[in-house]
Amino acid sequence: MRPLRSLLFVPANRTEWLPKARAAGADAAILDLEDAVPRQDKASARARVVEAVAGAGTDPSGGMALFVRINPLDSWAGAEELRAVARPGLAGIVLPKVSCVQDVRLADRLLTWCEDEQGLPRGQLALVPLLETARGLREAHEIASAAARVAYMGALTAPGGDVERAVGYRWTPEGTETLALRSRVLLDVRAAESPHPVTGLWTSLADLAGLRAFAEQNRSLGYEGMMAIHPSHVPVINDVFSPGPDELARYARLIAAVEQAQTQGQGAVSFEGQMVDEAMAATARLVLERHARRGTQEKGGARDSSGARDRSGE
């Protein structure tokens with residue numbers, strides 16, 4: 001389960017928009033079978049999602065990951081959707097309205113059965129619980145700890161949605177009313193050792209400056225990415241959650257300074273006006289490792305997607 005900077009929602013009845021998500025640079029797309037699809041269109045949308053997942057299963061690029069947000073597992077509809085889409089090509093399931101550990105454990109068992117049915121390794125499919133109730137937010141640590149496949153979990157604090165209604169805050173662009181909430185959920189997720197927490201959402205389509213400020217605030221808290229609702233938001237989010245060349249160069253110098261000090265029997269060293277030691281070097285190595293891995297994936301995806309375009313034009 002690799003880090004994801006941007007996870008872009010795409011209506012499940014608009015799978016033809018997936019190339020736009022890829023072109024925008026989204027690390028992942030979330031085909032939404034829940035809120036984005038009218039009830040009368042859910043059956044046909046599910047069929048389109050199954051086709052899209054099957055297509056992703058034959059794509060060798062390893063580029064944009066594909067998730068599906070199913071309907072809640074409080075009825076057969078959600079369970080049928082999960083079984084239909086849990087197949088090769090799927091990165092994971094986004095589970096809405098999660099309120100307690102039991103919701104996660106049920107989804108985990110269903111996914112394990114699907115993995116066995118499809119011949120997939122157990123635990124390959126990620127599970128992303130959405131904390132959209134006050135109880136779910138209160139029990140974030142327990143929810144994140146409920147299954148090893150839980151990843152990309154965090155607090156979503158968009159204006160006017162389920163979370164605002166459940167908690168009662170009044171949303172502002174500055175995010176001060178939800179700062180403590182996002183911080184506490186992040187700490188719960190980290191303490192549960194659930195990988196790669198992401199947050200969101202920013203719903204103003206034209207206010208990219210506001211989006212950048214909100215994304216930078218979330219990055220400063222420790223989130224690794226954000227969910228998005230429009231392709232125009234993806235480049236901003238990717239930029240905020242990617243280390244810049246100056247930052248990468250500084251990390252490389254820091255590692256070199258600490259390692260040189262260690263050869264001289266020193267545990268800490270003065271580096272560009274700050275005292276640094278092995279703890280800071282370990283953080284720098286992690287950032288450089290992730291950046292190198294992401295660069296390899298993006299280059300491979302670019303080559304393969306280019307080849308796919310050539311084949312489609314034959």
# chains A, B, ... in the order shown; residues from 1 in each chain; ligands from 1
>>> closest_atom_pairs(of="stretch 15-128 of chain A", to="stretch 230-239 of chain A", cutoff="10 Å", atoms="only C-alpha atoms", output="Markdown table")
| residue | atom | partner | partner_atom | distance |
| --- | --- | --- | --- | --- |
| A:Trp17 | CA | A:Pro231 | CA | 9.9 |
| A:Lys20 | CA | A:Pro231 | CA | 7.2 |
| A:Ala21 | CA | A:Pro231 | CA | 6.0 |
| A:Arg22 | CA | A:Pro231 | CA | 9.0 |
| A:Ala23 | CA | A:Pro231 | CA | 8.6 |
| A:Ala24 | CA | A:Pro231 | CA | 5.6 |
| A:Gly25 | CA | A:Val234 | CA | 6.6 |
| A:Ala26 | CA | A:Val234 | CA | 5.9 |
| A:Asp27 | CA | A:Asn238 | CA | 8.5 |
>>> write_last_selection(atoms="all heavy atoms", output="PDB file, in the first residue's frame")
ATOM      1  N   TRP A  17     -14.738   9.257 -17.524  1.00  0.00           N
ATOM      2  CA  TRP A  17     -13.925  10.351 -17.005  1.00  0.00           C
ATOM      3  C   TRP A  17     -12.603   9.872 -16.404  1.00  0.00           C
ATOM      4  O   TRP A  17     -11.761  10.697 -16.032  1.00  0.00           O
ATOM      5  CB  TRP A  17     -14.705  11.133 -15.949  1.00  0.00           C
ATOM      6  CG  TRP A  17     -15.859  11.913 -16.502  1.00  0.00           C
ATOM      7  CD1 TRP A  17     -16.218  12.066 -17.809  1.00  0.00           C
ATOM      8  CD2 TRP A  17     -16.833  12.659 -15.745  1.00  0.00           C
ATOM      9  NE1 TRP A  17     -17.343  12.845 -17.923  1.00  0.00           N
ATOM     10  CE2 TRP A  17     -17.756  13.226 -16.679  1.00  0.00           C
ATOM     11  CE3 TRP A  17     -17.020  12.896 -14.399  1.00  0.00           C
ATOM     12  CZ2 TRP A  17     -18.821  14.011 -16.279  1.00  0.00           C
ATOM     13  CZ3 TRP A  17     -18.090  13.681 -13.991  1.00  0.00           C
ATOM     14  CH2 TRP A  17     -18.984  14.237 -14.924  1.00  0.00           C
ATOM     15  N   LYS A  20      -9.470  11.414 -17.719  1.00  0.00           N
ATOM     16  CA  LYS A  20      -9.247  12.779 -17.235  1.00  0.00           C
ATOM     17  C   LYS A  20      -8.563  12.769 -15.878  1.00  0.00           C
ATOM     18  O   LYS A  20      -7.696  13.607 -15.602  1.00  0.00           O
ATOM     19  CB  LYS A  20     -10.575  13.537 -17.146  1.00  0.00           C
ATOM     20  CG  LYS A  20     -11.256  13.786 -18.481  1.00  0.00           C
ATOM     21  CD  LYS A  20     -12.532  14.586 -18.295  1.00  0.00           C
ATOM     22  CE  LYS A  20     -13.217  14.861 -19.626  1.00  0.00           C
ATOM     23  NZ  LYS A  20     -14.482  15.636 -19.441  1.00  0.00           N
ATOM     24  N   ALA A  21      -8.954  11.829 -15.023  1.00  0.00           N
ATOM     25  CA  ALA A  21      -8.314  11.717 -13.718  1.00  0.00           C
ATOM     26  C   ALA A  21      -6.840  11.356 -13.870  1.00  0.00           C
ATOM     27  O   ALA A  21      -5.969  11.915 -13.198  1.00  0.00           O
ATOM     28  CB  ALA A  21      -9.034  10.662 -12.871  1.00  0.00           C
ATOM     29  N   ARG A  22      -6.573  10.425 -14.794  1.00  0.00           N
ATOM     30  CA  ARG A  22      -5.183  10.036 -15.033  1.00  0.00           C
ATOM     31  C   ARG A  22      -4.388  11.199 -15.620  1.00  0.00           C
ATOM     32  O   ARG A  22      -3.244  11.456 -15.225  1.00  0.00           O
ATOM     33  CB  ARG A  22      -5.134   8.833 -15.976  1.00  0.00           C
ATOM     34  CG  ARG A  22      -3.740   8.252 -16.168  1.00  0.00           C
ATOM     35  CD  ARG A  22      -3.755   7.139 -17.211  1.00  0.00           C
ATOM     36  NE  ARG A  22      -4.528   5.996 -16.771  1.00  0.00           N
ATOM     37  CZ  ARG A  22      -4.036   4.997 -16.048  1.00  0.00           C
ATOM     38  NH1 ARG A  22      -2.775   5.014 -15.674  1.00  0.00           N
ATOM     39  NH2 ARG A  22      -4.808   3.979 -15.707  1.00  0.00           N
ATOM     40  N   ALA A  23      -4.990  11.916 -16.561  1.00  0.00           N
ATOM     41  CA  ALA A  23      -4.297  13.044 -17.187  1.00  0.00           C
ATOM     42  C   ALA A  23      -4.017  14.155 -16.182  1.00  0.00           C
ATOM     43  O   ALA A  23      -3.011  14.872 -16.305  1.00  0.00           O
ATOM     44  CB  ALA A  23      -5.128  13.586 -18.353  1.00  0.00           C
ATOM     45  N   ALA A  24      -4.887  14.315 -15.191  1.00  0.00           N
ATOM     46  CA  ALA A  24      -4.676  15.333 -14.161  1.00  0.00           C
ATOM     47  C   ALA A  24      -3.529  14.973 -13.231  1.00  0.00           C
ATOM     48  O   ALA A  24      -3.035  15.830 -12.492  1.00  0.00           O
ATOM     49  CB  ALA A  24      -5.951  15.539 -13.348  1.00  0.00           C
ATOM     50  N   GLY A  25      -3.113  13.703 -13.247  1.00  0.00           N
ATOM     51  CA  GLY A  25      -2.015  13.265 -12.393  1.00  0.00           C
ATOM     52  C   GLY A  25      -2.449  12.648 -11.088  1.00  0.00           C
ATOM     53  O   GLY A  25      -1.622  12.500 -10.170  1.00  0.00           O
ATOM     54  N   ALA A  26      -3.727  12.269 -10.967  1.00  0.00           N
ATOM     55  CA  ALA A  26      -4.208  11.685  -9.711  1.00  0.00           C
ATOM     56  C   ALA A  26      -3.471  10.382  -9.407  1.00  0.00           C
ATOM     57  O   ALA A  26      -3.322   9.530 -10.278  1.00  0.00           O
ATOM     58  CB  ALA A  26      -5.709  11.423  -9.788  1.00  0.00           C
ATOM     59  N   ASP A  27      -3.017  10.249  -8.178  1.00  0.00           N
ATOM     60  CA  ASP A  27      -2.403   8.989  -7.759  1.00  0.00           C
ATOM     61  C   ASP A  27      -3.435   7.880  -7.694  1.00  0.00           C
ATOM     62  O   ASP A  27      -3.103   6.704  -7.879  1.00  0.00           O
ATOM     63  CB  ASP A  27      -1.742   9.145  -6.386  1.00  0.00           C
ATOM     64  CG  ASP A  27      -0.461   9.963  -6.447  1.00  0.00           C
ATOM     65  OD1 ASP A  27       0.068  10.155  -7.561  1.00  0.00           O
ATOM     66  OD2 ASP A  27       0.003  10.419  -5.384  1.00  0.00           O
TER      67      ASP A  27
END
>>> select_by_dssp(residues="stretch 125-260 of chain A", states="strand (DSSP E or B)", output="count of residues only")
13
>>> residues_around(residues="A:Ala107", least_positions_apart="5", cutoff="10 Å", atoms="only C-alpha atoms", output="PDB file with N, CA, C and O atoms, in the first residue's frame")
ATOM      1  N   PRO A  72     -23.104   1.665   2.066  1.00  0.00           N
ATOM      2  CA  PRO A  72     -22.852   1.082   3.389  1.00  0.00           C
ATOM      3  C   PRO A  72     -23.251  -0.395   3.455  1.00  0.00           C
ATOM      4  O   PRO A  72     -24.172  -0.840   2.752  1.00  0.00           O
ATOM      5  N   LEU A  73     -22.566  -1.125   4.304  1.00  0.00           N
ATOM      6  CA  LEU A  73     -22.819  -2.562   4.444  1.00  0.00           C
ATOM      7  C   LEU A  73     -23.949  -2.854   5.431  1.00  0.00           C
ATOM      8  O   LEU A  73     -23.922  -3.853   6.146  1.00  0.00           O
ATOM      9  N   GLY A  78     -24.863  -3.100  -0.513  1.00  0.00           N
ATOM     10  CA  GLY A  78     -23.450  -2.820  -0.317  1.00  0.00           C
ATOM     11  C   GLY A  78     -22.602  -4.077  -0.432  1.00  0.00           C
ATOM     12  O   GLY A  78     -21.520  -4.064  -1.046  1.00  0.00           O
ATOM     13  N   ALA A  79     -23.077  -5.180   0.146  1.00  0.00           N
ATOM     14  CA  ALA A  79     -22.334  -6.435   0.080  1.00  0.00           C
ATOM     15  C   ALA A  79     -22.236  -6.946  -1.360  1.00  0.00           C
ATOM     16  O   ALA A  79     -21.185  -7.456  -1.785  1.00  0.00           O
ATOM     17  N   LEU A  82     -19.640  -4.880  -3.138  1.00  0.00           N
ATOM     18  CA  LEU A  82     -18.290  -5.264  -2.745  1.00  0.00           C
ATOM     19  C   LEU A  82     -17.849  -6.521  -3.487  1.00  0.00           C
ATOM     20  O   LEU A  82     -16.742  -6.584  -4.034  1.00  0.00           O
ATOM     21  N   ILE A  93     -11.341  -0.786  -1.303  1.00  0.00           N
ATOM     22  CA  ILE A  93     -12.727  -0.377  -1.092  1.00  0.00           C
ATOM     23  C   ILE A  93     -12.758   0.822  -0.151  1.00  0.00           C
ATOM     24  O   ILE A  93     -12.100   0.828   0.896  1.00  0.00           O
ATOM     25  N   LEU A  95     -15.190   2.589   2.311  1.00  0.00           N
ATOM     26  CA  LEU A  95     -16.400   2.195   3.031  1.00  0.00           C
ATOM     27  C   LEU A  95     -17.007   3.400   3.742  1.00  0.00           C
ATOM     28  O   LEU A  95     -16.399   3.954   4.660  1.00  0.00           O
ATOM     29  N   GLN A 102     -17.051  -3.010  14.430  1.00  0.00           N
ATOM     30  CA  GLN A 102     -17.793  -4.096  13.773  1.00  0.00           C
ATOM     31  C   GLN A 102     -17.976  -3.832  12.282  1.00  0.00           C
ATOM     32  O   GLN A 102     -17.954  -4.769  11.471  1.00  0.00           O
ATOM     33  N   THR A 112     -11.813 -10.636   2.487  1.00  0.00           N
ATOM     34  CA  THR A 112     -11.003 -11.860   2.530  1.00  0.00           C
ATOM     35  C   THR A 112     -11.662 -12.965   1.725  1.00  0.00           C
ATOM     36  O   THR A 112     -10.990 -13.682   0.958  1.00  0.00           O
ATOM     37  N   TRP A 113     -12.968 -13.128   1.859  1.00  0.00           N
ATOM     38  CA  TRP A 113     -13.686 -14.138   1.062  1.00  0.00           C
ATOM     39  C   TRP A 113     -13.553 -13.829  -0.429  1.00  0.00           C
ATOM     40  O   TRP A 113     -13.352 -14.738  -1.239  1.00  0.00           O
ATOM     41  N   LEU A 127      -8.643  -1.227   2.620  1.00  0.00           N
ATOM     42  CA  LEU A 127      -9.945  -0.801   3.119  1.00  0.00           C
ATOM     43  C   LEU A 127      -9.786   0.611   3.678  1.00  0.00           C
ATOM     44  O   LEU A 127      -8.939   0.862   4.542  1.00  0.00           O
ATOM     45  N   PRO A 129     -11.868   3.267   5.604  1.00  0.00           N
ATOM     46  CA  PRO A 129     -13.096   3.641   6.312  1.00  0.00           C
ATOM     47  C   PRO A 129     -13.281   5.159   6.317  1.00  0.00           C
ATOM     48  O   PRO A 129     -12.349   5.906   6.632  1.00  0.00           O
ATOM     49  N   ALA A 147      -8.382  -3.911  11.467  1.00  0.00           N
ATOM     50  CA  ALA A 147      -7.954  -4.840  10.416  1.00  0.00           C
ATOM     51  C   ALA A 147      -6.653  -4.331   9.824  1.00  0.00           C
ATOM     52  O   ALA A 147      -6.456  -3.121   9.671  1.00  0.00           O
TER      53      ALA A 147
END
>>> closest_residue(among="A:Met1, A:Val240, A:Ala134, A:Ala155", to="A:Ala213", atoms="only C-alpha atoms")
A:Val240
>>> select_by_dssp(residues="stretch 40-93 of chain A", states="helix (DSSP H, G or I)", output="PyMOL selection string")
chain A and resi 40-57+76-85
>>> write_last_selection(atoms="C-alpha atoms", output="mmCIF file, in the first residue's frame")
data_model
loop_
_atom_site.group_PDB
_atom_site.id
_atom_site.type_symbol
_atom_site.label_atom_id
_atom_site.label_comp_id
_atom_site.auth_asym_id
_atom_site.auth_seq_id
_atom_site.Cartn_x
_atom_site.Cartn_y
_atom_site.Cartn_z
ATOM 1 C CA GLN A 40 -32.256 4.382 -10.202
ATOM 2 C CA ASP A 41 -28.818 4.360 -11.855
ATOM 3 C CA LYS A 42 -26.909 2.283 -9.307
ATOM 4 C CA ALA A 43 -27.311 -1.079 -11.078
ATOM 5 C CA SER A 44 -26.011 0.207 -14.412
ATOM 6 C CA ALA A 45 -23.255 2.161 -12.649
ATOM 7 C CA ARG A 46 -22.106 -0.986 -10.877
ATOM 8 C CA ALA A 47 -21.806 -2.771 -14.213
ATOM 9 C CA ARG A 48 -19.673 0.076 -15.537
ATOM 10 C CA VAL A 49 -17.440 -0.067 -12.460
ATOM 11 C CA VAL A 50 -16.935 -3.815 -12.851
ATOM 12 C CA GLU A 51 -15.840 -3.217 -16.437
ATOM 13 C CA ALA A 52 -13.457 -0.441 -15.383
ATOM 14 C CA VAL A 53 -11.888 -2.605 -12.665
ATOM 15 C CA ALA A 54 -11.452 -5.464 -15.110
ATOM 16 C CA GLY A 55 -9.714 -3.083 -17.487
ATOM 17 C CA ALA A 56 -7.408 -1.884 -14.724
ATOM 18 C CA GLY A 57 -6.543 -5.513 -13.997
ATOM 19 C CA TRP A 76 -27.364 -6.536 0.781
ATOM 20 C CA ALA A 77 -26.794 -3.813 -1.811
ATOM 21 C CA GLY A 78 -23.450 -2.820 -0.317
ATOM 22 C CA ALA A 79 -22.334 -6.435 0.080
ATOM 23 C CA GLU A 80 -23.284 -7.244 -3.513
ATOM 24 C CA GLU A 81 -21.337 -4.216 -4.737
ATOM 25 C CA LEU A 82 -18.290 -5.264 -2.745
ATOM 26 C CA ARG A 83 -18.333 -8.776 -4.195
ATOM 27 C CA ALA A 84 -18.870 -7.483 -7.713
ATOM 28 C CA VAL A 85 -15.903 -5.088 -7.719
#
>>> atom_distance(atom1="atom CA of A:Ala166", atom2="atom CA of A:Asp35")
16.8 Å
>>> atom_distance(atom1="atom CA of A:Met64", atom2="atom CA of A:Arg294")
11.5 Å
>>> closest_residue(among="A:Pro121, A:Gly200, A:Gly267, A:Gly160", to="A:Phe214", atoms="only C-alpha atoms")
A:Gly200
>>> residues_around(residues="stretch 182-188 of chain A", least_positions_apart="5", cutoff="10 Å", atoms="only C-alpha atoms", output="CSV table (one decimal) with N, CA, C and O atoms, in the first residue's frame")
chain,number,residue,atom,x,y,z
A,131,LEU,N,-14.9,8.2,8.1
A,131,LEU,CA,-15.5,8.5,9.5
A,131,LEU,C,-16.5,9.7,9.3
A,131,LEU,O,-16.1,10.9,9.3
A,137,LEU,N,-15.8,9.1,14.4
A,137,LEU,CA,-14.6,10.0,14.7
A,137,LEU,C,-14.1,9.8,16.1
A,137,LEU,O,-12.9,9.8,16.3
A,138,ARG,N,-15.0,9.5,17.1
A,138,ARG,CA,-14.6,9.3,18.4
A,138,ARG,C,-13.8,8.0,18.6
A,138,ARG,O,-12.9,7.9,19.4
A,139,GLU,N,-14.1,7.0,17.7
A,139,GLU,CA,-13.5,5.7,17.9
A,139,GLU,C,-12.5,5.4,16.7
A,139,GLU,O,-12.2,4.3,16.3
A,140,ALA,N,-11.8,6.5,16.3
A,140,ALA,CA,-10.9,6.4,15.1
A,140,ALA,C,-9.8,5.4,15.4
A,140,ALA,O,-9.4,4.6,14.5
A,141,HIS,N,-9.2,5.4,16.6
A,141,HIS,CA,-8.1,4.5,16.9
A,141,HIS,C,-8.5,3.1,16.8
A,141,HIS,O,-7.9,2.2,16.2
A,142,GLU,N,-9.7,2.7,17.4
A,142,GLU,CA,-10.2,1.4,17.4
A,142,GLU,C,-10.5,0.9,15.9
A,142,GLU,O,-10.2,-0.2,15.5
A,143,ILE,N,-11.1,1.8,15.2
A,143,ILE,CA,-11.4,1.5,13.8
A,143,ILE,C,-10.2,1.3,12.9
A,143,ILE,O,-10.1,0.3,12.2
A,144,ALA,N,-9.2,2.1,13.1
A,144,ALA,CA,-7.9,2.0,12.4
A,144,ALA,C,-7.2,0.7,12.7
A,144,ALA,O,-6.5,0.1,11.9
A,145,SER,N,-7.4,0.2,14.0
A,145,SER,CA,-6.7,-1.0,14.5
A,145,SER,C,-7.5,-2.3,14.2
A,145,SER,O,-7.0,-3.3,14.4
A,153,MET,N,-6.7,6.3,5.9
A,153,MET,CA,-7.8,6.7,6.8
A,153,MET,C,-7.4,8.1,7.4
A,153,MET,O,-6.3,8.3,7.7
A,154,GLY,N,-8.4,8.9,7.5
A,154,GLY,CA,-8.2,10.2,8.1
A,154,GLY,C,-9.6,10.9,8.4
A,154,GLY,O,-10.6,10.3,8.2
A,155,ALA,N,-9.5,12.2,8.7
A,155,ALA,CA,-10.7,13.0,9.0
A,155,ALA,C,-11.1,13.8,7.7
A,155,ALA,O,-10.2,14.5,7.2
A,156,LEU,N,-12.3,13.7,7.2
A,156,LEU,CA,-12.8,14.5,6.1
A,156,LEU,C,-13.7,15.5,6.7
A,156,LEU,O,-14.7,15.2,7.3
A,157,THR,N,-13.4,16.8,6.4
A,157,THR,CA,-14.2,17.9,7.1
A,157,THR,C,-14.7,18.9,6.0
A,157,THR,O,-14.5,20.1,6.2
A,175,GLY,N,-10.3,26.6,8.3
A,175,GLY,CA,-10.3,25.3,9.0
A,175,GLY,C,-10.0,25.3,10.5
A,175,GLY,O,-9.8,24.2,11.0
A,177,GLU,N,-12.0,25.6,12.9
A,177,GLU,CA,-13.0,24.8,13.7
A,177,GLU,C,-12.8,23.3,13.6
A,177,GLU,O,-13.4,22.6,14.4
A,193,GLU,N,-0.9,2.6,13.7
A,193,GLU,CA,0.0,2.1,12.7
A,193,GLU,C,-0.7,1.8,11.4
A,193,GLU,O,-0.3,0.9,10.6
A,194,SER,N,-1.7,2.5,11.1
A,194,SER,CA,-2.4,2.4,9.8
A,194,SER,C,-1.7,3.3,8.8
A,194,SER,O,-1.5,4.5,9.1
A,197,PRO,N,-2.2,8.1,6.1
A,197,PRO,CA,-3.4,8.8,6.3
A,197,PRO,C,-3.6,10.0,5.3
A,197,PRO,O,-2.7,10.7,5.0
A,198,VAL,N,-4.9,10.1,4.9
A,198,VAL,CA,-5.3,11.2,4.0
A,198,VAL,C,-6.5,11.9,4.5
A,198,VAL,O,-7.2,11.3,5.4
A,199,THR,N,-6.7,13.1,4.1
A,199,THR,CA,-7.8,13.9,4.6
A,199,THR,C,-8.5,14.6,3.4
A,199,THR,O,-8.3,14.3,2.3
A,200,GLY,N,-9.3,15.6,3.7
A,200,GLY,CA,-10.1,16.3,2.7
A,200,GLY,C,-11.3,16.9,3.3
A,200,GLY,O,-11.4,16.9,4.6
A,218,ASN,N,-2.9,20.7,6.2
A,218,ASN,CA,-3.0,19.3,6.5
A,218,ASN,C,-1.6,18.6,6.4
A,218,ASN,O,-1.3,17.7,7.1
A,221,LEU,N,0.3,19.1,9.5
A,221,LEU,CA,-0.2,18.2,10.6
A,221,LEU,C,0.4,16.9,10.5
A,221,LEU,O,0.5,16.2,11.6
A,222,GLY,N,0.7,16.4,9.3
A,222,GLY,CA,1.3,15.0,9.2
A,222,GLY,C,0.5,14.2,8.2
A,222,GLY,O,0.9,13.0,8.0
A,223,TYR,N,-0.5,14.7,7.6
A,223,TYR,CA,-1.2,13.9,6.6
A,223,TYR,C,-0.3,13.7,5.3
A,223,TYR,O,0.5,14.6,5.0
>>> atom_distance(atom1="atom CA of A:Pro3", atom2="atom CA of A:Ala257")
27.6 Å
